[in-house]
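Structure data (compact mmCIF, C-alpha atoms and all ligand atoms) from my_file28.txt:
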# COMPACT_ATOMS: atom_id res chain seq x y z
CA MET E 1 98.80 112.64 98.49
CA SER E 2 97.21 110.04 96.18
CA THR E 3 93.48 109.67 96.72
CA GLN E 4 93.44 105.89 96.28
CA PRO E 5 93.26 104.56 99.86
CA LEU E 6 96.14 102.19 100.56
CA VAL E 7 95.26 101.49 104.18
CA GLY E 8 91.84 100.58 105.52
CA ILE E 9 91.24 101.43 109.17
CA VAL E 10 88.23 99.44 110.32
CA MET E 11 86.82 99.70 113.83
CA GLY E 12 84.07 97.82 115.58
CA SER E 13 82.28 100.92 116.85
CA ASP E 14 82.43 104.67 116.53
CA SER E 15 83.29 104.57 120.24
CA ASP E 16 86.75 103.32 119.09
CA TRP E 17 87.40 106.46 117.04
CA PRO E 18 88.87 108.63 119.86
CA VAL E 19 91.69 106.05 120.08
CA MET E 20 91.95 105.20 116.37
CA ARG E 21 92.08 108.83 115.39
CA ALA E 22 95.78 108.67 116.33
CA CYS E 23 96.24 105.96 113.69
CA ALA E 24 94.58 108.09 111.01
CA GLU E 25 96.58 111.17 112.06
CA THR E 26 99.84 109.23 111.78
CA LEU E 27 99.02 107.96 108.28
CA LYS E 28 98.02 111.48 107.25
CA ARG E 29 101.31 112.84 108.57
CA PHE E 30 103.10 110.52 106.12
CA GLY E 31 100.78 111.46 103.26
CA ILE E 32 99.24 107.98 103.03
CA ALA E 33 95.68 107.85 101.76
CA TYR E 34 93.47 105.81 104.08
CA GLU E 35 89.82 105.14 104.60
CA ALA E 36 88.31 104.80 108.08
CA LYS E 37 85.11 102.82 108.58
CA VAL E 38 82.94 101.34 111.31
CA LEU E 39 82.22 97.66 110.66
CA SER E 40 81.61 95.03 113.27
CA ALA E 41 82.34 91.30 113.24
CA HIS E 42 79.16 90.81 115.26
CA ARG E 43 76.81 93.68 114.42
CA THR E 44 77.53 93.90 110.67
CA PRO E 45 79.18 90.55 109.84
CA GLU E 46 78.31 90.43 106.10
CA ALA E 47 79.53 93.98 105.53
CA ALA E 48 82.80 93.25 107.38
CA LEU E 49 83.39 90.13 105.28
CA ASP E 50 82.55 91.93 102.03
CA TYR E 51 84.87 94.79 102.93
CA ALA E 52 87.82 92.44 103.47
CA ALA E 53 87.02 90.32 100.42
CA SER E 54 87.00 93.34 98.09
CA ALA E 55 89.87 95.30 99.69
CA GLU E 56 92.71 93.95 97.54
CA SER E 57 90.86 94.43 94.25
CA ARG E 58 90.12 98.01 95.34
CA GLY E 59 93.87 98.67 95.59
CA MET E 60 94.27 98.48 99.35
CA LYS E 61 97.63 97.24 100.68
CA VAL E 62 97.05 96.93 104.44
CA LEU E 63 94.01 96.56 106.71
CA ILE E 64 94.01 97.68 110.34
CA GLY E 65 91.27 96.21 112.52
CA ALA E 66 90.46 97.79 115.88
CA ALA E 67 87.97 96.35 118.31
CA GLY E 68 87.33 95.90 121.99
CA GLY E 69 86.05 93.10 124.19
CA ALA E 70 85.41 89.94 122.15
CA ALA E 71 87.45 91.75 119.46
CA HIS E 72 86.97 89.35 116.54
CA LEU E 73 87.11 92.01 113.84
CA ALA E 74 90.74 91.78 112.73
CA GLY E 75 90.57 87.98 112.61
CA VAL E 76 87.38 88.07 110.56
CA LEU E 77 89.00 90.50 108.10
CA ALA E 78 92.08 88.27 107.87
CA ALA E 79 89.87 85.27 107.13
CA LYS E 80 88.71 86.96 103.91
CA THR E 81 91.88 88.60 102.56
CA GLN E 82 95.53 87.87 101.92
CA LEU E 83 96.46 91.47 102.64
CA PRO E 84 98.42 92.00 105.86
CA VAL E 85 95.96 92.63 108.71
CA LEU E 86 97.12 94.54 111.79
CA ALA E 87 95.07 94.48 114.98
CA VAL E 88 94.73 97.19 117.61
CA PRO E 89 93.10 96.13 120.89
CA MET E 90 90.75 98.79 122.23
CA PRO E 91 90.82 99.64 125.93
CA SER E 92 87.51 98.04 126.96
CA LYS E 93 85.26 99.35 129.70
CA HIS E 94 85.51 96.52 132.21
CA LEU E 95 88.84 94.80 131.51
CA GLN E 96 90.86 97.77 130.19
CA GLY E 97 91.62 96.02 126.88
CA LEU E 98 93.26 92.88 128.25
CA ASP E 99 90.25 90.96 126.89
CA SER E 100 90.69 92.63 123.47
CA LEU E 101 94.42 91.87 123.42
CA LEU E 102 94.01 88.21 124.32
CA ALA E 103 91.19 87.74 121.81
CA MET E 104 93.18 89.34 118.99
CA VAL E 105 96.47 87.66 119.60
CA GLN E 106 95.10 84.11 119.76
CA MET E 107 94.56 83.52 116.05
CA PRO E 108 94.58 79.92 114.89
CA GLY E 109 97.67 78.86 112.93
CA GLY E 110 97.22 79.60 109.23
CA ILE E 111 95.43 82.96 109.44
CA PRO E 112 97.87 85.54 110.81
CA VAL E 113 97.02 88.88 112.38
CA ALA E 114 99.78 91.13 113.74
CA THR E 115 98.59 92.51 117.07
CA PHE E 116 99.81 95.79 118.53
CA ALA E 117 99.68 97.37 121.99
CA ILE E 118 96.38 98.24 123.66
CA GLY E 119 95.14 101.76 122.94
CA GLU E 120 96.79 104.80 121.45
CA ALA E 121 100.35 103.44 121.30
CA GLY E 122 99.03 100.48 119.33
CA ALA E 123 97.02 102.76 117.06
CA VAL E 124 100.09 104.86 116.25
CA ASN E 125 102.35 101.84 115.84
CA ALA E 126 99.92 100.06 113.51
CA ALA E 127 100.09 103.16 111.31
CA LEU E 128 103.91 103.29 111.53
CA PHE E 129 104.13 99.59 110.74
CA SER E 130 101.95 100.18 107.68
CA VAL E 131 104.29 102.99 106.67
CA ALA E 132 107.28 100.66 107.07
CA MET E 133 105.64 98.02 104.85
CA LEU E 134 104.65 100.54 102.18
CA ALA E 135 108.13 102.11 102.36
CA LEU E 136 109.68 98.83 101.16
CA GLY E 137 108.60 99.79 97.66
CA ASP E 138 108.69 103.56 97.97
CA ALA E 139 112.03 105.35 98.49
CA GLU E 140 110.38 108.71 99.17
CA LEU E 141 108.26 107.22 101.94
CA ALA E 142 111.32 105.41 103.35
CA ALA E 143 113.11 108.77 103.55
CA LYS E 144 110.13 110.30 105.41
CA LEU E 145 110.19 107.41 107.88
CA SER E 146 113.94 107.89 108.48
CA ALA E 147 113.38 111.61 109.07
CA PHE E 148 110.55 110.86 111.52
CA ARG E 149 112.72 108.39 113.45
CA ALA E 150 115.65 110.83 113.54
CA SER E 151 113.49 113.67 114.83
CA GLN E 152 111.97 111.40 117.48
CA THR E 153 115.45 110.39 118.63
CA GLU E 154 116.53 114.00 118.76
CA LYS E 155 113.46 114.97 120.80
CA VAL E 156 114.11 112.25 123.40
CA LEU E 157 117.81 113.08 123.67
CA SER E 158 117.08 116.78 124.14
CA LYS E 159 114.81 116.20 127.13
CA THR E 160 115.98 117.46 130.48
CA LEU E 161 114.65 116.52 133.87
CA PRO E 162 113.91 119.10 136.57
CA ASP E 163 116.50 119.64 139.30
CA LEU E 164 115.46 118.66 142.81
CA PRO E 165 114.50 121.63 144.99
C1 LIG G 1 83.46 96.35 120.12
O1 LIG G 1 82.70 96.60 121.24
C2 LIG G 1 83.85 97.71 119.60
O2 LIG G 1 85.03 97.61 118.86
C3 LIG G 1 83.99 98.54 120.85
O3 LIG G 1 85.35 98.60 121.28
C4 LIG G 1 83.18 97.76 121.87
C5 LIG G 1 82.02 98.56 122.44
O4 LIG G 1 81.23 99.03 121.39
P1 LIG G 1 80.05 100.05 121.68
O5 LIG G 1 79.07 99.32 122.57
O6 LIG G 1 80.65 101.26 122.34
O7 LIG G 1 79.45 100.39 120.33
O8 LIG G 1 82.80 95.62 119.16

In structure tokens, how does this file's structure come out?
Ligand code: RP5
Amino acid sequence: MSTQPLVGIVMGSDSDWPVMRACAETLKRFGIAYEAKVLSAHRTPEAALDYAASAESRGMKVLIGAAGGAAHLAGVLAAKTQLPVLAVPMPSKHLQGLDSLLAMVQMPGGIPVATFAIGEAGAVNAALFSVAMLALGDAELAAKLSAFRASQTEKVLSKTLPDLP
């Protein structure tokens, strides 16, 4: 695995890590170097902007922004970089992540952010989407993605349901 991080996973709080860990694990499974950081659109705005502004020149290819509640992080990152920015809404304490989802998805025209499902499924899919983008220029990675999809299909098709008593 190359040590140059290609994907930046940025989350608004370390309280997001239990969900975003699934994103990091998925990237690791595909051998993609990533860096995971806590940066907040509200609590550390300058650092979040600097991170996004320098990401491309540091060799990053994709940024994943995870946040809950007001959830401005992914949009703020996208405002400062041309790299693709994926957003994962965190399941918030009071509104279960619906607030995060609506905040993330409502970007103004001109600054796109691709928003995924709330919670762990979104965290995994943001990683898989990153893999799919990186695989466009990497035949070996494309083959790994095909193998992953085939094994997933096989697992689902091999499931059996219990007989009724
Ligand atoms: C957001 O506020 C974070 O992304 C997190 O989901 C939420 C709560 O943060 P903490 O108060 O747990 O640090 O900015």

Residue with smallest distance to ligand LIG 1 (chain G) - pool E:Ile32, E:Ala67, E:Leu161, E:Ala52, counting all atoms listed in the file
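Answer, going by the shortest atom-to-atom distance: E:Ala67.
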
Could you build a table of the residues in chain E lying no more than 6 Å from ligand LIG 1 (chain G), giving for each the nearest pair of atoms and their separation in Å rounded to one decimal place, using all atoms listed in the file, ordered by chain and ascending residue number, as a tab-separated table?
residue	atom	partner	partner_atom	distance
E:Met11	CA	G:LIG1	O2	5.7
E:Gly12	CA	G:LIG1	O2	3.4
E:Ser13	CA	G:LIG1	C2	4.5
E:Ser15	CA	G:LIG1	O6	4.7
E:Asp16	CA	G:LIG1	O3	5.4
E:Ala67	CA	G:LIG1	O2	3.2
E:Gly68	CA	G:LIG1	O3	3.4
E:Gly69	CA	G:LIG1	O1	5.7
E:Met90	CA	G:LIG1	O3	5.5

If I take atom CA of E:His72 and atom CA of E:Tyr51, how far is one from the other in Å, to one decimal?
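One can read the atom CA of E:His72 to atom CA of E:Tyr51 distance as 14.8 Å.
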
Could you list, as a list in words, every residue within 10 Å of E:Pro89, counting all atoms listed in the file and ignoring same-chain residues fewer than 3 positions away?
Asp16, Gly65, Ala66, Ala67, Gly68, Gly69, Ala70, Ala71, Ala74, Ser92, Gln96, Gly97, Leu98, Asp99, Ser100, Leu101, Leu102, Ala103, Met104, Val105, Thr115, Phe116, Ala117, Ile118, Gly119, Glu120, Gly122 and Ala123 of chain E

Would you mind reading off the distance between atom CA of E:Asn125 and atom CA of E:Leu157, one decimal, in Å?
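So the two atoms, atom CA of E:Asn125 and atom CA of E:Leu157, lie 20.7 Å apart.
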
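Of note, atom CA of E:Leu6 and atom CA of E:Ala33 are spaced 5.8 Å apart.
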
Place a sphere of radius 7 Å on (93.2, 87.9, 99.9) in the file coordinates and name every protein, DNA or RNA residue with an atom inside or on its surface, counting all atoms listed in the file; give the answer as number ranges by chain.
E: 53, 56, 80-83

Contacts of E:Tyr34 within 9 Å, all atoms listed in the file, excl. fewer than 2 positions in-chain, as a compact mmCIF listing (two decimals) with C-alpha atoms, keeping the file's coordinate frame:
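To be explicit, this is the file written out as part_10.txt:
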# COMPACT_ATOMS: atom_id res chain seq x y z
CA THR E 3 93.48 109.67 96.72
CA GLN E 4 93.44 105.89 96.28
CA PRO E 5 93.26 104.56 99.86
CA LEU E 6 96.14 102.19 100.56
CA VAL E 7 95.26 101.49 104.18
CA GLY E 8 91.84 100.58 105.52
CA ILE E 9 91.24 101.43 109.17
CA ALA E 24 94.58 108.09 111.01
CA LEU E 27 99.02 107.96 108.28
CA LYS E 28 98.02 111.48 107.25
CA ILE E 32 99.24 107.98 103.03
CA ALA E 36 88.31 104.80 108.08
CA MET E 60 94.27 98.48 99.35

List the spatial neighbours of E:Phe148 as a list in words - criterion: any atom at most 12 Å away, all atoms listed in the file, same-chain residues fewer than 6 positions off excluded.
Thr26, Arg29, Phe30, Leu128, Val131, Ala132, Leu141, Ala142, Glu154 and Lys155 of chain E

Closest of E:Ala127, E:Ala48, E:Val113, E:Met133 to E:Met20 - atom-to-atom distances counting only C-alpha atoms
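Going through E:Ala127, E:Ala48, E:Val113, E:Met133 one by one, the smallest distance to E:Met20 is for E:Ala127.
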